[in-house]
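Visitor: Pasting a structure below so you can have a look.
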Amino acid sequence: MTGDLWAGIPGQAAAVATLRAAAPHPLHAYLLLGPAGSGSRAASRSFAAALLCPDGGCGTCSHCTRALALHHPDLVMAGHEGPTWRVEEIREVVAQAQRRPLEAGRTVIVLPDGHLLGGAAPALLKTLEEPPTTTVFVLLADDLPRSLETIRSRCAEVRFETLTTSAITAMLVDDGIDPARAEDIAEGAAGDAIRARLLAADPGFVARLARWRAVPGELDGTGRTATRLVAEILESLDEAAAPLVARHEAELASFDAEAKELGLRASGRKELVDHHKREVRAYRDGEIRAGLGVLARSYRDAMATSLSTGDDAAAESAMGHLDAIGRHVAVMRRNPRLGLSMERLLLSLG
Ligand SMILES: [Zn+2]
């Protein structure tokens with residue numbers, strides 16, 4: 001039954017094989033490197049379960065199932081509140097790393113967003129280098145800024161490649177989804193397998209995709225139109241996140257039911273809720289990225305058409321629009337005032 005634990009991570013055979021083999025006798029720290037939705041996040045859950053399971057990841061025992069549901073007492077899901085990690089948050093992680101395991105043979109610390117450690121990284125180094133023998137760190141990072149070199153050198157690195165649209169299409173077709181619809185979903189998933197599966201369960205997805213496709217035709221260069229379109233887009237984000245929110249509610253209900261059954265104080269509940277909040281934030285981010293991807297594709301198509309008909313001016317204009325979208329995506333993550341910058345972008349495209 002070991003297959004079950006790793007089944008949700010398509011297109012990453014090499015990384016999965018490495019983690020699966022490492023679980024029975026792990027090193028003290030792993031760095032899972034890969035862009036959002038490449039499967040590194042899902043793999044960190046599976047790996048944590050395998051590290052806590054007495055059989056190295058059977059997929060069915062209580063250690064495995066509780067770890068996958070993120071409420072195993074020896075699994076610490078670390079997280080940061082603000083846009084980057086703060087030193088106090090890392091000190092809390094370091095304190096957690098010192099504790100003895102309660103039920104499993106190990107304490108597993110999953111630390112996401114390693115690329116956002118920044119100035120807090122030095123606070124982690126010593127513990128990361130020499131944690132207690134029963135503690136295993138599983139770090140996640142999208143990419144490797146220079147500031148992460150010292151972190152990287154203390155971990156075993158496992159790389160996750162960006163999933164191609166065709167890999168995601170194949171995964172969805174395997175799931176039993178009609179190939180034409182699978183292709184549409186894969187396009188909207190922007191290399192993100194988790195998102196693809198949520199979209200597949202989301203009846204509003206096709207309508208949202210159509211809304212993004214219609215944007216270039218609706219833009220008329222006026223601020224009023226840009227404002228209206230952005231309002232529609234922001235509203236659709238809530239609608240888009242609804243299936244994820246429903247899944248979170250189910251997870252929380254199962255957490256509460258178990259805590260009640262065991263008569264325990266619900267320790268770890270706040271961490272679970274915080275984790276959910278971060279997931280929703282990341283999902284909304286992904287939705288916008290995917291929408292901008294659809295938008296970029298229509299300008300890319302327009303550019304190709306203009307080039308083939310020799311309309312250089314139109315091709316140049318489309319290229320300018322592509323550049324503007326690219327610049328917007330590059331700074332999006334650091335921009336807290338999303339609506340305003342989207343409006344500016346749409347205005348420049350009109
Ligand atoms: Zn197990």
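Labels for the structure tokens follow display order: chains A, B, ..., residues from 1 in each chain, ligands from 1.
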List every residue of chain A that has an atom at most 10 Å from any atom of ligand 1, and for each one report the closest atom pair and its distance in Å to one decimal, counting only C-alpha atoms and all ligand atoms, with rows sorted by chain and then by increasing residue number, as a Markdown table.
Guide:
```
| residue | atom | partner | partner_atom_place_in_ligand_line | distance |
| --- | --- | --- | --- | --- |
| A:Met1 | CA | ligand 1 | 1 (Zn) | 9.4 |
| A:Thr2 | CA | ligand 1 | 1 (Zn) | 8.4 |
| A:Leu5 | CA | ligand 1 | 1 (Zn) | 8.9 |
| A:Ala49 | CA | ligand 1 | 1 (Zn) | 7.0 |
| A:Ala50 | CA | ligand 1 | 1 (Zn) | 6.6 |
| A:Leu51 | CA | ligand 1 | 1 (Zn) | 9.0 |
| A:Leu52 | CA | ligand 1 | 1 (Zn) | 7.5 |
| A:Cys53 | CA | ligand 1 | 1 (Zn) | 4.1 |
| A:Pro54 | CA | ligand 1 | 1 (Zn) | 6.3 |
| A:Asp55 | CA | ligand 1 | 1 (Zn) | 5.7 |
| A:Gly56 | CA | ligand 1 | 1 (Zn) | 6.6 |
| A:Gly57 | CA | ligand 1 | 1 (Zn) | 4.6 |
| A:Cys58 | CA | ligand 1 | 1 (Zn) | 3.9 |
| A:Gly59 | CA | ligand 1 | 1 (Zn) | 4.9 |
| A:Thr60 | CA | ligand 1 | 1 (Zn) | 5.3 |
| A:Cys61 | CA | ligand 1 | 1 (Zn) | 4.1 |
| A:Ser62 | CA | ligand 1 | 1 (Zn) | 6.6 |
| A:His63 | CA | ligand 1 | 1 (Zn) | 5.5 |
| A:Cys64 | CA | ligand 1 | 1 (Zn) | 4.3 |
| A:Thr65 | CA | ligand 1 | 1 (Zn) | 7.4 |
| A:Arg66 | CA | ligand 1 | 1 (Zn) | 9.5 |
| A:Ala67 | CA | ligand 1 | 1 (Zn) | 9.3 |
```
Visitor: Keeping only C-alpha atoms, write the selected residues as a PDB file, in the first residue's frame.
Guide:
```pdb
ATOM      1  CA  MET A   1       0.000   0.000   0.000  1.00  0.00           C
ATOM      2  CA  THR A   2       3.013   2.340  -0.093  1.00  0.00           C
ATOM      3  CA  LEU A   5       1.156   7.865   0.196  1.00  0.00           C
ATOM      4  CA  ALA A  49       4.118  10.735   7.030  1.00  0.00           C
ATOM      5  CA  ALA A  50       6.790   8.294   5.835  1.00  0.00           C
ATOM      6  CA  LEU A  51       9.247   9.673   8.421  1.00  0.00           C
ATOM      7  CA  LEU A  52       6.711   9.240  11.234  1.00  0.00           C
ATOM      8  CA  CYS A  53       5.438   5.808  10.097  1.00  0.00           C
ATOM      9  CA  PRO A  54       7.188   2.859  11.785  1.00  0.00           C
ATOM     10  CA  ASP A  55       7.163   1.106   8.388  1.00  0.00           C
ATOM     11  CA  GLY A  56       8.652   3.987   6.409  1.00  0.00           C
ATOM     12  CA  GLY A  57       5.341   5.080   4.894  1.00  0.00           C
ATOM     13  CA  CYS A  58       2.736   2.293   4.694  1.00  0.00           C
ATOM     14  CA  GLY A  59       0.048   4.868   3.855  1.00  0.00           C
ATOM     15  CA  THR A  60      -2.578   3.242   6.076  1.00  0.00           C
ATOM     16  CA  CYS A  61      -1.454   3.238   9.730  1.00  0.00           C
ATOM     17  CA  SER A  62      -2.560   5.888  12.208  1.00  0.00           C
ATOM     18  CA  HIS A  63       0.807   7.688  11.964  1.00  0.00           C
ATOM     19  CA  CYS A  64       0.478   7.953   8.175  1.00  0.00           C
ATOM     20  CA  THR A  65      -3.168   9.046   8.151  1.00  0.00           C
ATOM     21  CA  ARG A  66      -2.777  11.600  10.926  1.00  0.00           C
ATOM     22  CA  ALA A  67       0.368  13.055   9.373  1.00  0.00           C
TER      23      ALA A  67
END
```
Visitor: Write down as a PyMOL selection string the residues belonging to region 108-242 of chain A that are assigned strand (DSSP E) by DSSP computed on the backbone.
Guide: chain A and resi 108-111+135-141+156-159
Visitor: Could you pull the residues within 8 Å of region 155-168 of chain A, counting only C-alpha atoms, minus those fewer than 6 positions along the same chain, as a VMD selection string?
Guide: chain A and resid 10 to 12 15 18 to 19 27 to 35 38 to 40 128 183 186 to 187 190 to 193 196
Visitor: According to DSSP computed on the backbone, where in region 148-318 of chain A is there helix (DSSP H, G or I)? Give the residues as a PyMOL selection string.
Guide: chain A and resi 148-152+165-174+179-189+193-200+205-218+223-262+269-308+312-318
Visitor: Tell me which of A:Ile194, A:Met303, A:Leu292, A:Ile90 sits closest to Arg327 (chain A), counting only C-alpha atoms.
Guide: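 The answer is A:Leu292, which sits nearest to Arg327 (chain A).
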Visitor: Considering only C-alpha atoms, tabulate each residue of region 279-304 of chain A that lies at most 12 Å from region 231-234 of chain A along with its nearest interatomic pair and the corresponding distance in Å to one decimal; arrange the rows by chain and ascending residue number and present them as a Markdown table.
Guide:
```
| residue | atom | partner | partner_atom | distance |
| --- | --- | --- | --- | --- |
| A:Arg284 | CA | A:Leu234 | CA | 9.2 |
| A:Asp285 | CA | A:Leu234 | CA | 11.0 |
| A:Glu287 | CA | A:Ile233 | CA | 9.8 |
| A:Ile288 | CA | A:Ile233 | CA | 8.4 |
| A:Arg289 | CA | A:Ile233 | CA | 11.9 |
| A:Gly291 | CA | A:Ile233 | CA | 9.1 |
| A:Leu292 | CA | A:Ile233 | CA | 10.9 |
```
Visitor: Write out as a PyMOL selection string which residues come within 9 Å of Glu271 (chain A) when counting only C-alpha atoms, dropping same-chain ones fewer than 6 positions away.
Guide: chain A and resi 76-79
Visitor: Leaving out Thr222 (chain A) and any residue of its chain fewer than 4 positions from it, which residues lie within 9 Å of it when counting only C-alpha atoms, given as a list in words?
Guide: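 Answer for this query is Ala226, Thr227, Leu347 and Gly350 of chain A.
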Visitor: Under the rule that only C-alpha atoms are counted, which of A:Ala180, A:Ala246, A:Leu139, A:Leu148 is the nearest residue to Gly118 (chain A)?
Guide: A:Leu148
Visitor: Which one is closest to Ala207 (chain A): A:Glu239, A:Thr169, A:Ala189, A:Val230? Count only C-alpha atoms.
Guide: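 Going through A:Glu239, A:Thr169, A:Ala189, A:Val230 one by one, the smallest distance to Ala207 (chain A) is for A:Glu239.
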Visitor: Let me make sure I understand: among A:Leu199, A:Ala121, A:Ala302, A:Val245, which one has the smallest atom-to-atom distance to Ile151 (chain A) if we use only C-alpha atoms?
Guide: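 Smallest separation from Ile151 (chain A) among the options: A:Ala121.
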Visitor: Using only C-alpha atoms, which of A:Ser44, A:Arg211, A:Asp220, A:Val206 sits nearest Glu235 (chain A)?
Guide: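 The shortest atom-to-atom distance to Glu235 (chain A) comes from A:Arg211.
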Visitor: Can you tell me how far CA of Arg154 (chain A) sits from CA of Pro131 (chain A), in Å to one decimal?
Guide: 11.0 Å
Visitor: Please identify all polymer residues within 7 Å of region 94-108 of chain A, counting only C-alpha atoms, omitting same-chain residues fewer than 3 positions from it, and present them as a list in words.
Guide: Ala48, Leu52, Pro73, Asp74, Leu75, Val76, Ile90, Arg91, Leu124, Thr127, Pro131, Pro132, Thr134, Thr135, Val136 and Phe137 of chain A
Visitor: Which residues come within 12 Å of Asp323 (chain A), counting only C-alpha atoms, excluding same-chain residues fewer than 2 positions away, as a list in words?
Guide: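 Close residues of Asp323 (chain A): Leu292, Leu295, Ala296, Tyr299, Arg300, Glu316, Ser317, Ala318, Met319, Gly320, His321, Ile325, Gly326, Arg327, His328, Val329, Ala330, Leu345, Ser348 and Leu349 of chain A.
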Visitor: Could those selected residues go to a file with C-alpha atoms, as a JSON list (two decimals), in the first residue's frame?
Guide:
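Saved as selection-v9.json:
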```
[["chain", "number", "residue", "atom", "x", "y", "z"],
["A", 292, "LEU", "CA", -2.78, 36.49, -16.52],
["A", 295, "LEU", "CA", -4.41, 36.93, -21.06],
["A", 296, "ALA", "CA", -0.76, 36.65, -22.12],
["A", 299, "TYR", "CA", -1.59, 38.60, -26.89],
["A", 300, "ARG", "CA", 0.97, 35.99, -27.94],
["A", 316, "GLU", "CA", 4.98, 45.40, -31.58],
["A", 317, "SER", "CA", 1.93, 46.55, -29.65],
["A", 318, "ALA", "CA", 1.10, 42.96, -28.65],
["A", 319, "MET", "CA", 4.69, 42.44, -27.56],
["A", 320, "GLY", "CA", 4.50, 45.57, -25.39],
["A", 321, "HIS", "CA", 1.39, 44.15, -23.74],
["A", 325, "ILE", "CA", 1.96, 41.41, -18.10],
["A", 326, "GLY", "CA", 5.35, 39.81, -17.44],
["A", 327, "ARG", "CA", 6.46, 42.77, -15.33],
["A", 328, "HIS", "CA", 3.20, 42.68, -13.39],
["A", 329, "VAL", "CA", 3.59, 38.96, -12.60],
["A", 330, "ALA", "CA", 7.20, 39.53, -11.48],
["A", 345, "LEU", "CA", -2.07, 46.98, -15.84],
["A", 348, "SER", "CA", -2.06, 50.11, -19.97],
["A", 349, "LEU", "CA", -3.32, 47.17, -22.06]]
```
